[in-house]
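Notes follow once the structure below has been shown.
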Amino acid sequence: MKTATSVKQLTLIQSINDALRIILEENEDVLILGQDVGKNGGVFRATEGLYEKFGEDRVIDTPLAESGIIGTSIGMAVNGIRPIAEIQFFGFIYPGFNQIMTHASRIRSRTLGRYTVPMVIRTPYGAGVRAPEIHSDSMEALFTHMPGIKVVVPSNPYDAKGLLISSVEDPDPVLFLEPMKLYRAGRKEVPEEKYTVPLGKGNVLKDGEDVSIFAWGAMIPLALKAADEIESEKGIHCEVIDLRTLYPLDKTLIKASVEKTGRVVIIHEAHQTGGVSGDIISLINDTETAFLSLKAPIERVTGYDVPVPMFSLEDDYLPHVQEIKQKIERVFYY
Amino acid sequence: MDTSFPIKQIVDGKGNLIDETYKDHLTKDFVHKVYKKMLFARMFDRKCVNLQRQGRIGTYVPFEGQEAAQVGSALALAEDDWMFPTYRDHGATLTFGATMVNLLLYWQGRYEGVLPPKDKKIFPPAVPIASQLLHATGAAIAEKKKGTDRVAIVYFGDGATSEGDFHEGLNFASVFQAPVVFFNQNNGFAISVPMSRQMHSKTIAQKALAYDIEGVRIDGNDIFAVYFTTLNAIEKARRGHGPTLIEAVTWRYGAHTTSDDPSKYRDQSENDIRREKFDPVARIERFMKNNGMWDESMEELEQTASKEIETAVKEMESAPPVDRNHLFDHVFERTPWPISEQKERFLQLQGGNNE
């Protein structure tokens, strides 16, 4: 019997590796497949050491074909396997879009629950690491709009491990978006043993009563920095909420926070039009008590409606702490 | 390439056995069984076209002309194998165990129609083109991983060979030596586009070469060629010797769907020639007559099929009203709040009546 929970200091990518190892050890039906996930341990080292430990039948290097990886995973998933498919970069998922849209996300409803697809698609997303073109996309809204799949985005090593384990144990397909920029942004305490972080639940990272800030993934460090600075500079107390799951959103938490503060700033690096911020605004609008408690129009800081640029311009594309602080002031002094 | 992949035939259009190797296998019982299945498939298909014309089912996808390809390949499966059909393969699914009433319900736009009997592994028909090759490959890899000897068969048309998923499916199956049979029905047209515009290749079977898997080209209207070729491919896969690509050359007499008018893109008189020379059902009738296998019981089959089909139609038409819970209840195992809220809104609109 374990007497105390031992912890390790892990980066986000290490915590993902740790989660994968635990899941593979625990459940023989789980396997990993993708490009370079085997011998190479993944281009970001997410699967490092797993090929050696679990063998080529469970950590499977596949041909270079996103539709093939996802389509084959669907066939495995309906036949009792729990595949974790890695798409090397989110910007390369589009060849597999049809498989997700017309099959993974709707086989359960098409068959009234007879066939199901308990699979996870892991993929690094987001800009800010000086990556080549197409490697920095943040198209989560394509998938939150898609009925039948959950969309999960961790922002720290603890959540990454717990959310990934929950995603693999979930009976339905999950798109697991990993913020590339935070892969090695720092080490945090992560329990060595297995634990889960529930899907569909956000997390209050900083309490505050003046302004609610909703963000996820790589925007979380910016949100926290803006909140800290504005607090010391202007005495404005922000509540920073990491949504963690983008479908389904944590309505209870969003509602409670908006009812408390009456002021909202939403941050995402994805393009503005059709971005998940629109759904958060709608959720507040549709929740009468939250809407009526608003003291200012909702503000958002997002990427522009332009293709994620080549990296010489990516700093201009991405949200900045300064802009977030301006929006906080705007809603606070409205 | 068409000389490297000659069309394999066992019985020719006149009903003559041209490959003596199979003589002993073509017993009266076996021939009667395959004839019955083909006749049922043909009569069911014709009934469906009529039902659509009468507005009793929705748009329908006919397969008349392709009965030998579908029935013969489905008969080669073992009970516990997997089938991944398209929307035109109800001749195959019917043969493998799908019920007529569920097929009819499918074409009435009802989810129940997708469901095979509990003990049958028939995947919902693929509607996007070629995506199902990967599902079959994945399911087959899973069987291999479980250590069973089950195989998967997957159906697709000539048009599907232009899709990326066709190539990805063959390649994945080749790399992982998946126990899967790729069963192509080359009926010459993808809606209106003829094979000559689909590919410059002379055959579809030759595409197997690139993946270093076996490719076989057969007369898809010769049910014996279909059955034995598929059986060989299945047994090979079962023994762990990997996938096969079968090109069954066939023809659809009818339209792509009941919403399509084939006279716009092809000479329909071709149908008459094909019916006379190559029809799969007439061919086996001729074979039976040539070999003294035709008897009165064969004459009665049409009536038996008619009755069975009429019973299924009645059952379809007396099916309970659509369960409106199906709209909401199976998107996820645990329905998340947005869908629960939307369902509640829907039920209020209906005055609380979800029947």
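Labels used: A, B, ... for chains in the order of the structure tokens, numbers from 1 for residues in each chain, and numbers from 1 for ligands as shown.
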
Could you build a table of the residues in chain A lying no more than 9 Å from chain B, giving for each the nearest pair of atoms and their separation in Å rounded to one decimal place, using only C-alpha atoms, ordered by chain and ascending residue number, as a Markdown table?
| residue | atom | partner | partner_atom | distance |
| --- | --- | --- | --- | --- |
| A:Asp57 | CA | B:Lys145 | CA | 8.0 |
| A:Thr62 | CA | B:Phe172 | CA | 7.7 |
| A:Pro63 | CA | B:Phe172 | CA | 7.0 |
| A:Ala65 | CA | B:Glu168 | CA | 6.9 |
| A:Ser67 | CA | B:Asp165 | CA | 6.9 |
| A:Gly68 | CA | B:Glu168 | CA | 5.4 |
| A:Ile69 | CA | B:Leu134 | CA | 8.5 |
| A:Ile70 | CA | B:Leu134 | CA | 8.4 |
| A:Gly71 | CA | B:Leu134 | CA | 4.9 |
| A:Thr72 | CA | B:Gly138 | CA | 4.0 |
| A:Ser73 | CA | B:Gly138 | CA | 6.0 |
| A:Ile74 | CA | B:His135 | CA | 5.9 |
| A:Gly75 | CA | B:His135 | CA | 3.8 |
| A:Met76 | CA | B:Gly138 | CA | 4.6 |
| A:Ala77 | CA | B:Ala139 | CA | 7.8 |
| A:Val78 | CA | B:Ala139 | CA | 7.2 |
| A:Asn79 | CA | B:Ala139 | CA | 5.6 |
| A:Gly80 | CA | B:Ala142 | CA | 7.4 |
| A:Ile81 | CA | B:Ala142 | CA | 6.6 |
| A:Asn98 | CA | B:Ser131 | CA | 8.1 |
| A:Gln99 | CA | B:Ser131 | CA | 6.8 |
| A:Thr102 | CA | B:Pro128 | CA | 7.5 |
| A:His103 | CA | B:Ser131 | CA | 8.6 |
| A:Ser105 | CA | B:Val331 | CA | 8.0 |
| A:Arg106 | CA | B:Val331 | CA | 6.8 |
| A:Ile107 | CA | B:Pro124 | CA | 8.1 |
| A:Arg108 | CA | B:His330 | CA | 6.0 |
| A:Ser109 | CA | B:His330 | CA | 4.6 |
| A:Arg110 | CA | B:Tyr111 | CA | 6.1 |
| A:Thr111 | CA | B:Leu115 | CA | 6.2 |
| A:Leu112 | CA | B:His330 | CA | 5.6 |
| A:Gly113 | CA | B:His330 | CA | 5.9 |
| A:Arg114 | CA | B:Leu115 | CA | 7.7 |
| A:Tyr115 | CA | B:Phe123 | CA | 8.2 |
| A:Thr116 | CA | B:Glu333 | CA | 8.9 |
| A:Pro147 | CA | B:Val331 | CA | 7.1 |
| A:Gly148 | CA | B:Val331 | CA | 5.3 |
| A:Ile149 | CA | B:Phe332 | CA | 8.1 |
| A:Pro171 | CA | B:Glu333 | CA | 6.6 |
| A:Asp172 | CA | B:Phe332 | CA | 6.3 |
| A:Pro173 | CA | B:Phe332 | CA | 9.0 |
| A:Gly200 | CA | B:Pro336 | CA | 8.5 |
| A:Tyr247 | CA | B:Pro336 | CA | 8.8 |
| A:Pro248 | CA | B:Pro336 | CA | 6.4 |
| A:Leu249 | CA | B:Pro338 | CA | 8.6 |
| A:Lys251 | CA | B:Trp337 | CA | 8.3 |

Mind writing the picked residues with N, CA and C atoms as a short mmCIF file (atom, residue, chain, number, x, y, z; two decimals), in the first residue's frame?
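For reference, result_3.cif as written:
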data_model
loop_
_atom_site.label_atom_id
_atom_site.label_comp_id
_atom_site.auth_asym_id
_atom_site.auth_seq_id
_atom_site.Cartn_x
_atom_site.Cartn_y
_atom_site.Cartn_z
N ASP A 57 4.23 -3.77 -31.73
CA ASP A 57 2.81 -4.08 -31.94
C ASP A 57 1.89 -3.16 -31.16
N THR A 62 3.39 4.08 -38.45
CA THR A 62 2.50 3.86 -39.60
C THR A 62 3.07 4.53 -40.84
N PRO A 63 2.53 4.18 -42.00
CA PRO A 63 2.84 4.98 -43.19
C PRO A 63 2.41 6.44 -42.98
N ALA A 65 0.33 8.94 -43.62
CA ALA A 65 -0.98 9.17 -44.21
C ALA A 65 -1.99 9.42 -43.09
N SER A 67 -5.20 10.34 -43.10
CA SER A 67 -6.49 9.68 -43.24
C SER A 67 -6.35 8.19 -42.92
N GLY A 68 -5.25 7.63 -43.36
CA GLY A 68 -4.98 6.22 -43.08
C GLY A 68 -4.85 5.94 -41.59
N ILE A 69 -4.15 6.82 -40.89
CA ILE A 69 -3.96 6.62 -39.45
C ILE A 69 -5.31 6.71 -38.74
N ILE A 70 -6.08 7.71 -39.08
CA ILE A 70 -7.36 7.91 -38.39
C ILE A 70 -8.37 6.86 -38.82
N GLY A 71 -8.43 6.58 -40.12
CA GLY A 71 -9.39 5.58 -40.62
C GLY A 71 -9.11 4.19 -40.07
N THR A 72 -7.84 3.81 -40.03
CA THR A 72 -7.48 2.51 -39.48
C THR A 72 -7.80 2.46 -37.99
N SER A 73 -7.56 3.57 -37.31
CA SER A 73 -7.87 3.63 -35.87
C SER A 73 -9.37 3.44 -35.65
N ILE A 74 -10.18 3.99 -36.52
CA ILE A 74 -11.63 3.83 -36.39
C ILE A 74 -11.99 2.34 -36.49
N GLY A 75 -11.42 1.67 -37.49
CA GLY A 75 -11.70 0.25 -37.65
C GLY A 75 -11.25 -0.57 -36.44
N MET A 76 -10.13 -0.18 -35.87
CA MET A 76 -9.64 -0.86 -34.66
C MET A 76 -10.58 -0.57 -33.49
N ALA A 77 -10.97 0.68 -33.36
CA ALA A 77 -11.77 1.09 -32.21
C ALA A 77 -13.13 0.39 -32.20
N VAL A 78 -13.74 0.22 -33.37
CA VAL A 78 -15.04 -0.47 -33.39
C VAL A 78 -14.84 -1.96 -33.11
N ASN A 79 -13.62 -2.41 -33.18
CA ASN A 79 -13.34 -3.83 -32.97
C ASN A 79 -12.54 -4.07 -31.68
N GLY A 80 -12.80 -3.26 -30.68
CA GLY A 80 -12.30 -3.57 -29.33
C GLY A 80 -10.95 -3.02 -28.94
N ILE A 81 -10.29 -2.32 -29.85
CA ILE A 81 -8.99 -1.73 -29.51
C ILE A 81 -9.24 -0.29 -29.06
N ASN A 98 -12.21 14.02 -43.21
CA ASN A 98 -13.38 13.23 -43.61
C ASN A 98 -13.60 12.03 -42.70
N GLN A 99 -12.52 11.37 -42.34
CA GLN A 99 -12.65 10.21 -41.46
C GLN A 99 -13.23 10.61 -40.10
N THR A 102 -17.13 12.18 -40.97
CA THR A 102 -18.20 11.30 -41.47
C THR A 102 -18.21 9.93 -40.80
N HIS A 103 -17.19 9.61 -40.03
CA HIS A 103 -17.16 8.28 -39.41
C HIS A 103 -16.93 8.31 -37.90
N SER A 105 -16.92 10.51 -35.60
CA SER A 105 -17.84 11.28 -34.76
C SER A 105 -19.28 10.82 -34.88
N ARG A 106 -19.61 10.00 -35.86
CA ARG A 106 -21.03 9.67 -36.00
C ARG A 106 -21.37 8.20 -36.08
N ILE A 107 -20.41 7.34 -35.88
CA ILE A 107 -20.72 5.91 -35.95
C ILE A 107 -21.65 5.52 -34.79
N ARG A 108 -21.43 6.10 -33.61
CA ARG A 108 -22.32 5.77 -32.49
C ARG A 108 -23.77 6.14 -32.83
N SER A 109 -23.98 7.35 -33.32
CA SER A 109 -25.37 7.74 -33.59
C SER A 109 -25.94 6.98 -34.78
N ARG A 110 -25.11 6.72 -35.79
CA ARG A 110 -25.60 5.96 -36.96
C ARG A 110 -26.07 4.57 -36.58
N THR A 111 -25.45 4.01 -35.55
CA THR A 111 -25.78 2.63 -35.21
C THR A 111 -26.51 2.54 -33.88
N LEU A 112 -27.06 3.66 -33.43
CA LEU A 112 -27.81 3.71 -32.17
C LEU A 112 -27.01 3.07 -31.03
N GLY A 113 -25.71 3.28 -31.07
CA GLY A 113 -24.85 2.80 -30.00
C GLY A 113 -24.28 1.41 -30.19
N ARG A 114 -24.62 0.74 -31.29
CA ARG A 114 -24.10 -0.61 -31.50
C ARG A 114 -22.58 -0.59 -31.71
N TYR A 115 -22.13 0.31 -32.57
CA TYR A 115 -20.69 0.45 -32.80
C TYR A 115 -20.23 1.80 -32.24
N THR A 116 -19.09 1.77 -31.56
CA THR A 116 -18.59 3.01 -30.98
C THR A 116 -17.10 3.17 -31.30
N PRO A 147 -20.51 17.49 -34.35
CA PRO A 147 -21.19 16.69 -33.33
C PRO A 147 -20.54 15.32 -33.16
N GLY A 148 -20.36 14.91 -31.91
CA GLY A 148 -19.91 13.55 -31.66
C GLY A 148 -18.46 13.39 -31.28
N ILE A 149 -17.74 14.49 -31.11
CA ILE A 149 -16.34 14.38 -30.68
C ILE A 149 -16.09 15.44 -29.61
N PRO A 171 -15.62 6.84 -23.51
CA PRO A 171 -16.18 5.91 -24.49
C PRO A 171 -16.37 6.49 -25.89
N ASP A 172 -16.03 7.75 -26.09
CA ASP A 172 -16.25 8.41 -27.38
C ASP A 172 -14.97 9.06 -27.89
N PRO A 173 -14.95 9.42 -29.17
CA PRO A 173 -13.72 10.02 -29.71
C PRO A 173 -13.39 11.36 -29.04
N GLY A 200 -14.78 18.10 -19.65
CA GLY A 200 -15.97 18.95 -19.52
C GLY A 200 -15.94 19.87 -18.32
N TYR A 247 -15.30 21.26 -25.98
CA TYR A 247 -16.62 20.66 -26.17
C TYR A 247 -16.69 19.41 -25.32
N PRO A 248 -17.67 19.30 -24.42
CA PRO A 248 -18.62 20.36 -24.05
C PRO A 248 -17.97 21.37 -23.10
N LEU A 249 -18.35 22.63 -23.23
CA LEU A 249 -17.83 23.69 -22.36
C LEU A 249 -18.37 23.50 -20.94
N LYS A 251 -20.28 24.85 -18.61
CA LYS A 251 -21.30 25.90 -18.48
C LYS A 251 -21.44 26.38 -17.04
#

Within 10 Å of region 40-53 of chain A, counting only C-alpha atoms, which residues qualify if same-chain residues fewer than 5 places away don't, as a CSV table (one decimal) with C-alpha atoms, in the first residue's frame?
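Generated file (part_22.csv):
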chain,number,residue,atom,x,y,z
A,12,LEU,CA,4.1,19.0,-20.2
A,13,ILE,CA,5.5,16.7,-22.9
A,14,GLN,CA,7.0,14.5,-20.2
A,15,SER,CA,3.7,14.3,-18.4
A,16,ILE,CA,2.0,13.2,-21.7
A,17,ASN,CA,4.7,10.5,-22.0
A,18,ASP,CA,4.0,9.5,-18.4
A,19,ALA,CA,0.3,9.2,-19.1
A,20,LEU,CA,0.8,7.1,-22.2
A,21,ARG,CA,3.1,4.8,-20.3
A,24,LEU,CA,-0.3,1.2,-22.0
A,25,GLU,CA,0.8,-0.7,-18.9
A,32,ILE,CA,-0.4,4.1,-30.1
A,34,GLY,CA,1.2,7.5,-35.9
A,35,GLN,CA,4.2,8.7,-37.9
A,58,ARG,CA,1.6,-1.5,-29.4
A,59,VAL,CA,3.6,1.6,-30.4
A,60,ILE,CA,3.1,1.4,-34.1
A,61,ASP,CA,5.0,3.4,-36.8
A,86,GLU,CA,-0.9,10.8,-33.2
A,88,GLN,CA,2.3,15.0,-36.0
A,89,PHE,CA,1.0,18.6,-36.3
A,124,PRO,CA,0.4,19.4,-31.2
A,180,MET,CA,3.3,23.0,-28.6
A,183,TYR,CA,5.6,21.4,-24.2
A,184,ARG,CA,8.8,22.4,-22.4

inquiry  = Using only C-alpha atoms, which protein or nucleic acid residues come within 8 Å of region 203-211 of chain A? Drop anything in the same chain fewer than 4 positions from it, and give the result as a PyMOL selection string.
reply    = chain A and resi 224+236-244+260-265+328+331-332

Create the file for the chosen residues now, containing N, CA and C atoms and written as a tab-separated table (two decimals), in the first residue's frame.
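Below you can see out_18.tsv, which holds the result:
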chain	number	residue	atom	x	y	z
A	224	LEU	N	-2.59	34.66	-17.25
A	224	LEU	CA	-2.13	34.78	-15.86
A	224	LEU	C	-1.21	35.99	-15.69
A	236	ILE	N	-7.00	45.68	-10.17
A	236	ILE	CA	-8.15	44.94	-10.71
A	236	ILE	C	-7.92	43.44	-10.48
A	237	HIS	N	-8.91	42.80	-9.89
A	237	HIS	CA	-8.75	41.38	-9.56
A	237	HIS	C	-9.45	40.51	-10.59
A	238	CYS	N	-8.64	39.82	-11.37
A	238	CYS	CA	-9.21	38.97	-12.44
A	238	CYS	C	-9.34	37.53	-11.96
A	239	GLU	N	-10.38	36.90	-12.45
A	239	GLU	CA	-10.52	35.46	-12.24
A	239	GLU	C	-10.10	34.78	-13.55
A	240	VAL	N	-9.06	33.98	-13.46
A	240	VAL	CA	-8.56	33.33	-14.68
A	240	VAL	C	-9.05	31.89	-14.72
A	241	ILE	N	-9.80	31.58	-15.76
A	241	ILE	CA	-10.37	30.24	-15.87
A	241	ILE	C	-9.80	29.52	-17.09
A	242	ASP	N	-9.22	28.38	-16.81
A	242	ASP	CA	-8.72	27.50	-17.88
A	242	ASP	C	-9.87	26.55	-18.25
A	243	LEU	N	-10.38	26.69	-19.43
A	243	LEU	CA	-11.57	25.89	-19.78
A	243	LEU	C	-11.25	24.41	-19.96
A	244	ARG	N	-10.07	24.09	-20.40
A	244	ARG	CA	-9.56	22.70	-20.51
A	244	ARG	C	-10.32	21.82	-21.50
A	260	LYS	N	-20.56	36.37	-10.96
A	260	LYS	CA	-19.79	37.02	-9.90
A	260	LYS	C	-19.17	38.33	-10.38
A	261	THR	N	-18.55	38.30	-11.56
A	261	THR	CA	-17.77	39.47	-12.00
A	261	THR	C	-18.56	40.42	-12.88
A	262	GLY	N	-19.41	39.87	-13.73
A	262	GLY	CA	-20.17	40.72	-14.66
A	262	GLY	C	-19.32	41.28	-15.79
A	263	ARG	N	-18.07	40.86	-15.83
A	263	ARG	CA	-17.18	41.38	-16.88
A	263	ARG	C	-16.35	40.22	-17.44
A	264	VAL	N	-16.22	40.20	-18.76
A	264	VAL	CA	-15.61	39.02	-19.39
A	264	VAL	C	-14.60	39.41	-20.48
A	265	VAL	N	-13.45	38.77	-20.43
A	265	VAL	CA	-12.49	38.83	-21.54
A	265	VAL	C	-12.17	37.38	-21.94
A	328	ILE	N	-9.00	44.15	-20.42
A	328	ILE	CA	-9.42	44.04	-19.02
A	328	ILE	C	-9.83	45.42	-18.50
A	331	VAL	N	-13.24	46.54	-20.02
A	331	VAL	CA	-14.46	46.01	-19.41
A	331	VAL	C	-14.61	46.50	-17.97
A	332	PHE	N	-13.47	46.72	-17.30
A	332	PHE	CA	-13.55	47.13	-15.90
A	332	PHE	C	-14.04	48.57	-15.76

task = Name the residues of region 213-329 of chain A that come out as strand (DSSP E or B) in a backbone DSSP run; write them as a PyMOL selection string.
result = chain A and resi 213-215+238-242+245-247+264-271+299-303

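A straight line drawn from CA of Glu344 (chain B) to CA of Leu142 (chain A) is 25.6 Å long.
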
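Interatomic distance, CA of Glu329 (chain A) against CA of Pro221 (chain A): 18.6 Å.
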
Which residues are near Ala190 (chain B)? Cut-off 7 Å, only C-alpha atoms, ignore same chain within fewer than 3 positions. Put them as a PDB file with all heavy atoms, in the first residue's frame.
ATOM      1  N   ASP B 158     -15.550   1.192 -58.887  1.00  0.00           N
ATOM      2  CA  ASP B 158     -14.426   1.638 -59.711  1.00  0.00           C
ATOM      3  C   ASP B 158     -14.034   3.080 -59.381  1.00  0.00           C
ATOM      4  O   ASP B 158     -12.861   3.422 -59.340  1.00  0.00           O
ATOM      5  CB  ASP B 158     -14.735   1.484 -61.205  1.00  0.00           C
ATOM      6  CG  ASP B 158     -16.186   1.781 -61.554  1.00  0.00           C
ATOM      7  OD1 ASP B 158     -17.069   1.026 -61.079  1.00  0.00           O
ATOM      8  OD2 ASP B 158     -16.454   2.754 -62.272  1.00  0.00           O
ATOM      9  N   GLY B 159     -15.029   3.928 -59.127  1.00  0.00           N
ATOM     10  CA  GLY B 159     -14.724   5.328 -58.810  1.00  0.00           C
ATOM     11  C   GLY B 159     -13.882   5.463 -57.552  1.00  0.00           C
ATOM     12  O   GLY B 159     -13.034   6.345 -57.456  1.00  0.00           O
ATOM     13  N   VAL B 193     -19.414   8.966 -64.891  1.00  0.00           N
ATOM     14  CA  VAL B 193     -18.033   8.997 -65.397  1.00  0.00           C
ATOM     15  C   VAL B 193     -17.543   7.575 -65.693  1.00  0.00           C
ATOM     16  O   VAL B 193     -17.498   6.725 -64.798  1.00  0.00           O
ATOM     17  CB  VAL B 193     -17.096   9.700 -64.381  1.00  0.00           C
ATOM     18  CG1 VAL B 193     -15.663   9.708 -64.888  1.00  0.00           C
ATOM     19  CG2 VAL B 193     -17.583  11.124 -64.132  1.00  0.00           C
ATOM     20  N   PRO B 194     -17.192   7.320 -66.944  1.00  0.00           N
ATOM     21  CA  PRO B 194     -16.769   5.965 -67.310  1.00  0.00           C
ATOM     22  C   PRO B 194     -15.369   5.662 -66.797  1.00  0.00           C
ATOM     23  O   PRO B 194     -14.606   6.564 -66.459  1.00  0.00           O
ATOM     24  CB  PRO B 194     -16.777   5.991 -68.832  1.00  0.00           C
ATOM     25  CG  PRO B 194     -16.528   7.412 -69.181  1.00  0.00           C
ATOM     26  CD  PRO B 194     -17.152   8.239 -68.092  1.00  0.00           C
TER      27      PRO B 194
END

note = From CA of Ala210 (chain B) to CA of Phe228 (chain B) the spacing works out at 24.3 Å

request  = With a distance cut-off of 7 Å and only C-alpha atoms, select the neighbouring residues of Thr302 (chain A), excluding the residue or stretch itself and same-chain residues fewer than 5 positions from it, and output the selection as a PyMOL selection string.
outcome  = chain A and resi 267-272+319

Keeping only N, CA, C and O atoms, write those residues as a PDB file, in the first residue's frame.
ATOM      1  N   ILE A 267      -9.849  34.855 -24.428  1.00  0.00           N
ATOM      2  CA  ILE A 267      -8.598  34.873 -25.214  1.00  0.00           C
ATOM      3  C   ILE A 267      -8.454  33.565 -25.975  1.00  0.00           C
ATOM      4  O   ILE A 267      -8.580  32.482 -25.390  1.00  0.00           O
ATOM      5  N   HIS A 268      -8.234  33.637 -27.270  1.00  0.00           N
ATOM      6  CA  HIS A 268      -7.760  32.455 -27.996  1.00  0.00           C
ATOM      7  C   HIS A 268      -6.881  32.848 -29.165  1.00  0.00           C
ATOM      8  O   HIS A 268      -7.020  33.927 -29.719  1.00  0.00           O
ATOM      9  N   GLU A 269      -5.963  31.967 -29.489  1.00  0.00           N
ATOM     10  CA  GLU A 269      -5.062  32.276 -30.586  1.00  0.00           C
ATOM     11  C   GLU A 269      -5.665  31.909 -31.935  1.00  0.00           C
ATOM     12  O   GLU A 269      -5.142  32.300 -32.970  1.00  0.00           O
ATOM     13  N   ALA A 270      -6.762  31.173 -31.927  1.00  0.00           N
ATOM     14  CA  ALA A 270      -7.431  30.843 -33.180  1.00  0.00           C
ATOM     15  C   ALA A 270      -8.058  32.098 -33.784  1.00  0.00           C
ATOM     16  O   ALA A 270      -8.276  33.085 -33.096  1.00  0.00           O
ATOM     17  N   HIS A 271      -8.378  32.004 -35.058  1.00  0.00           N
ATOM     18  CA  HIS A 271      -8.993  33.124 -35.766  1.00  0.00           C
ATOM     19  C   HIS A 271     -10.284  33.549 -35.068  1.00  0.00           C
ATOM     20  O   HIS A 271     -10.971  32.727 -34.456  1.00  0.00           O
ATOM     21  N   GLN A 272     -10.611  34.831 -35.204  1.00  0.00           N
ATOM     22  CA  GLN A 272     -11.760  35.350 -34.465  1.00  0.00           C
ATOM     23  C   GLN A 272     -13.094  34.774 -34.979  1.00  0.00           C
ATOM     24  O   GLN A 272     -13.873  34.230 -34.208  1.00  0.00           O
ATOM     25  N   PRO A 319      -2.078  36.799 -29.806  1.00  0.00           N
ATOM     26  CA  PRO A 319      -2.466  37.711 -28.724  1.00  0.00           C
ATOM     27  C   PRO A 319      -1.267  38.065 -27.839  1.00  0.00           C
ATOM     28  O   PRO A 319      -0.332  37.277 -27.706  1.00  0.00           O
TER      29      PRO A 319
END

ask   = Hey, what does DSSP flag as alpha helix (DSSP H) within region 183-276 of chain B? Can you give it to me as a PyMOL selection string?
value = chain B and resi 195-198+223-238+269-276
